[in-house]
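J.: Below you'll find the structure I mean.
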Amino acid sequence: MLKKRIIPCLDIKDGKTVKGIQFEDLRIAGDPVELAKKYVKDGADELVFLDITATLENRKTIIELVEKLSLEINIPFTIGGGISSVQDVEALLKAGADKISINSAAVRRPELVREIAQQFGNQCVVIAIDTKNIDGEDYVFINGGKIQTELKTLDWVKTVTDLGAGEILLTSMDFDGTKNGFDTRILLNISKVCQLPIIASGGAGKMEDFTEVFTETSVTGALAASIFHFNEIKISDLKDNLRQQKIEVR
């Protein structure tokens, strides 16, 4: 069994780390490079950086940030936001990213997933899925959670798996920023149709939430933002707590 991963997520807007609730009401959390260095010291297993307005504003993810990060940190990191071509991926990997995350571009042109996987390997392709429950059905949203698609979340998971995705980063928009715990319902449903590693995102508020998601679902990673950014939970303390619950962490 894969050891569980604790993954801080840094949402980037205008070069700063920000955090909101259900994708709205953003507030500044600090400098991404300094926060990243802190998380490495605290014992984070991986980091995820999402340029949350890159797709919306039709910009590319800042290569300079990736280059700085690759010089300053020594754990794997994923970068996402505004990636829409094999050339984008090549530039980011050359700059030092370990994995890339795509969302909107994959929905608009699913074949992009296969192209990236074939050129750079499945292991570097993370499919970010923003999902929301509408009248009892789970749907995929794009453009930073602004646009609802007709894609049902479970169908989309099956599609990207077949196309060569290496990992799923699933964010529950209903739970995002609420600190009420992870959306175990949707995570359980997805794990039934997907054998890929799944990272749970959206809703972490206390240590027990991580225990719950790791014991009740098969996710291999749990991602959080504000509780780490604003020093509500220290990663080293969280890992100690999980080990006490007999949950194997890296």
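Simple scheme: letters A, B, ... for chains in structure tokens order, numbers from 1 for residues in each chain, numbers from 1 for ligands in the order shown.
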Show which residues sit within 12 Å of segment 212-217 of chain A, as a ChimeraX atom specification. Count only C-alpha atoms, and ignore same-chain residues fewer than 6 positions away.
T.: /A:2-6,180-192,197-206,223,242-243,245-249
J.: Residues of segment 88-116 of chain A within 6 Å of segment 127-149 of chain A: nearest atom pair and distance (Å, one decimal) for each, counting only C-alpha atoms, sorted by chain and number, as JSON lines?
T.:
{"residue": "A:Ser101", "atom": "CA", "partner": "A:Ile127", "partner_atom": "CA", "distance": 5.6}
{"residue": "A:Ile102", "atom": "CA", "partner": "A:Ile127", "partner_atom": "CA", "distance": 5.3}
{"residue": "A:Asn103", "atom": "CA", "partner": "A:Ala128", "partner_atom": "CA", "distance": 5.1}
{"residue": "A:Ser104", "atom": "CA", "partner": "A:Ile142", "partner_atom": "CA", "distance": 5.0}
J.: Could you give me, as a PyMOL selection string, the residues within 7 Å of Cys124 of chain A, counting only C-alpha atoms and dropping anything in the same chain fewer than 4 positions from it?
T.: chain A and resi 98-100+120+166
J.: Between A:Met207, A:Gln123, A:Val86, A:Pro110, which residue has the minimum interatomic distance to Val160 of chain A, considering only C-alpha atoms?
T.: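 Closest residue, counting only C-alpha atoms: A:Pro110.
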J.: Could you tell me how far atom CA of Asp237 of chain A lies from atom CA of Ile73 of chain A, in Å and to one decimal?
T.: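 Value for the atom CA of Asp237 of chain A-atom CA of Ile73 of chain A distance: 20.8 Å.
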J.: When distances are computed from only C-alpha atoms, which of A:Arg109, A:Lys158, A:Lys38, A:His229 shows the smallest separation from Gln195 of chain A?
T.: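 When distances to Gln195 of chain A are compared using only C-alpha atoms, the smallest one comes from A:Lys158.
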J.: Between A:Arg108, A:Arg250, A:Leu10, A:Tyr39, single out the one closest to Asn74 of chain A, counting only C-alpha atoms.
T.: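 Smallest separation from Asn74 of chain A among the options: A:Tyr39.
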J.: Excluding segment 68-71 of chain A and residues on its chain fewer than 6 positions from it, collect all residues at most 9 Å away from it, counting only C-alpha atoms, and give them as a list in words.
T.: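 Counting only C-alpha atoms, the residues come to Pro32, Val33, Ala36, Lys37, Phe77, Ala95, Gly96 and Ala97 of chain A.
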J.: Give me every alpha helix (DSSP H) residue in segment 113-237 of chain A, going by DSSP on the backbone, as a VMD selection string.
T.: chain A and resid 113 to 120 153 to 163 184 to 193 207 to 216 226 to 229 235 to 237
J.: At what distance in Å, to one decimal, does atom CA of Ile62 of chain A lie from atom CA of Glu232 of chain A?
T.: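 Calculated distance between atom CA of Glu232 of chain A and atom CA of Ile62 of chain A is 28.8 Å.
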J.: Could you find all residues in segment 23-250 of chain A that DSSP calls strand (DSSP E or B) from the backbone, and write them as a short mmCIF file (atom, residue, chain, number, x, y, z; two decimals) with C-alpha atoms, in the first residue's frame?
T.:
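Result file is states_26.cif:
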data_model
loop_
_atom_site.label_atom_id
_atom_site.label_comp_id
_atom_site.auth_asym_id
_atom_site.auth_seq_id
_atom_site.Cartn_x
_atom_site.Cartn_y
_atom_site.Cartn_z
CA GLU A 24 -14.47 33.22 -3.92
CA ASP A 25 -13.41 35.98 -1.46
CA LEU A 26 -9.68 35.57 -1.91
CA ARG A 27 -7.25 36.84 0.71
CA ILE A 28 -3.45 37.03 0.53
CA ALA A 29 -1.55 34.32 2.39
CA GLY A 30 2.06 35.21 1.56
CA LEU A 47 3.60 20.83 -3.16
CA VAL A 48 0.99 21.97 -5.67
CA PHE A 49 1.02 25.45 -7.19
CA LEU A 50 -2.04 26.58 -9.12
CA ASP A 51 -2.09 29.88 -10.99
CA PHE A 77 6.04 19.91 -6.99
CA THR A 78 3.18 20.18 -9.44
CA ILE A 79 2.33 23.34 -11.35
CA GLY A 80 -0.98 24.18 -12.99
CA LYS A 99 4.43 17.28 -12.65
CA ILE A 100 1.90 19.46 -14.39
CA SER A 101 -1.79 19.83 -13.64
CA ILE A 102 -4.38 20.49 -16.33
CA VAL A 125 0.17 14.20 -15.85
CA VAL A 126 -2.12 15.30 -13.01
CA ILE A 127 -5.73 15.90 -13.99
CA ALA A 128 -7.28 18.51 -11.72
CA ILE A 129 -11.04 18.15 -11.48
CA ASP A 130 -13.22 20.80 -9.86
CA THR A 131 -16.50 19.09 -9.06
CA LYS A 132 -19.81 20.32 -7.68
CA ASN A 133 -23.03 18.51 -6.86
CA ILE A 134 -26.00 19.95 -8.76
CA GLU A 137 -25.43 14.83 -9.87
CA ASP A 138 -21.69 15.60 -9.76
CA TYR A 139 -20.52 17.86 -12.57
CA VAL A 140 -17.11 19.10 -13.74
CA PHE A 141 -16.45 22.85 -13.65
CA ILE A 142 -13.75 24.72 -15.57
CA ILE A 147 -18.19 27.52 -15.79
CA GLN A 148 -20.26 24.37 -15.35
CA THR A 149 -19.79 21.76 -18.06
CA GLU A 150 -22.15 18.98 -19.11
CA LEU A 151 -19.54 16.42 -18.07
CA LYS A 152 -20.46 14.17 -15.17
CA GLU A 167 -3.06 11.04 -11.07
CA ILE A 168 -6.33 12.76 -10.17
CA LEU A 169 -6.49 15.91 -8.05
CA LEU A 170 -10.12 16.15 -7.04
CA THR A 171 -11.42 19.38 -5.51
CA SER A 172 -14.92 19.40 -4.09
CA ILE A 198 -6.19 10.28 -6.01
CA ILE A 199 -5.44 13.49 -4.11
CA ALA A 200 -8.35 14.76 -2.02
CA SER A 201 -8.83 18.52 -1.98
CA GLY A 221 -2.81 12.18 -0.84
CA ALA A 222 -4.64 14.90 1.05
CA LEU A 223 -4.24 18.50 0.03
CA ALA A 224 -4.95 21.61 2.08
CA VAL A 249 2.68 8.53 6.01
#
J.: What gap, in Å, lies between atom CA of Cys194 of chain A and atom CA of Thr153 of chain A?
T.: 11.7 Å
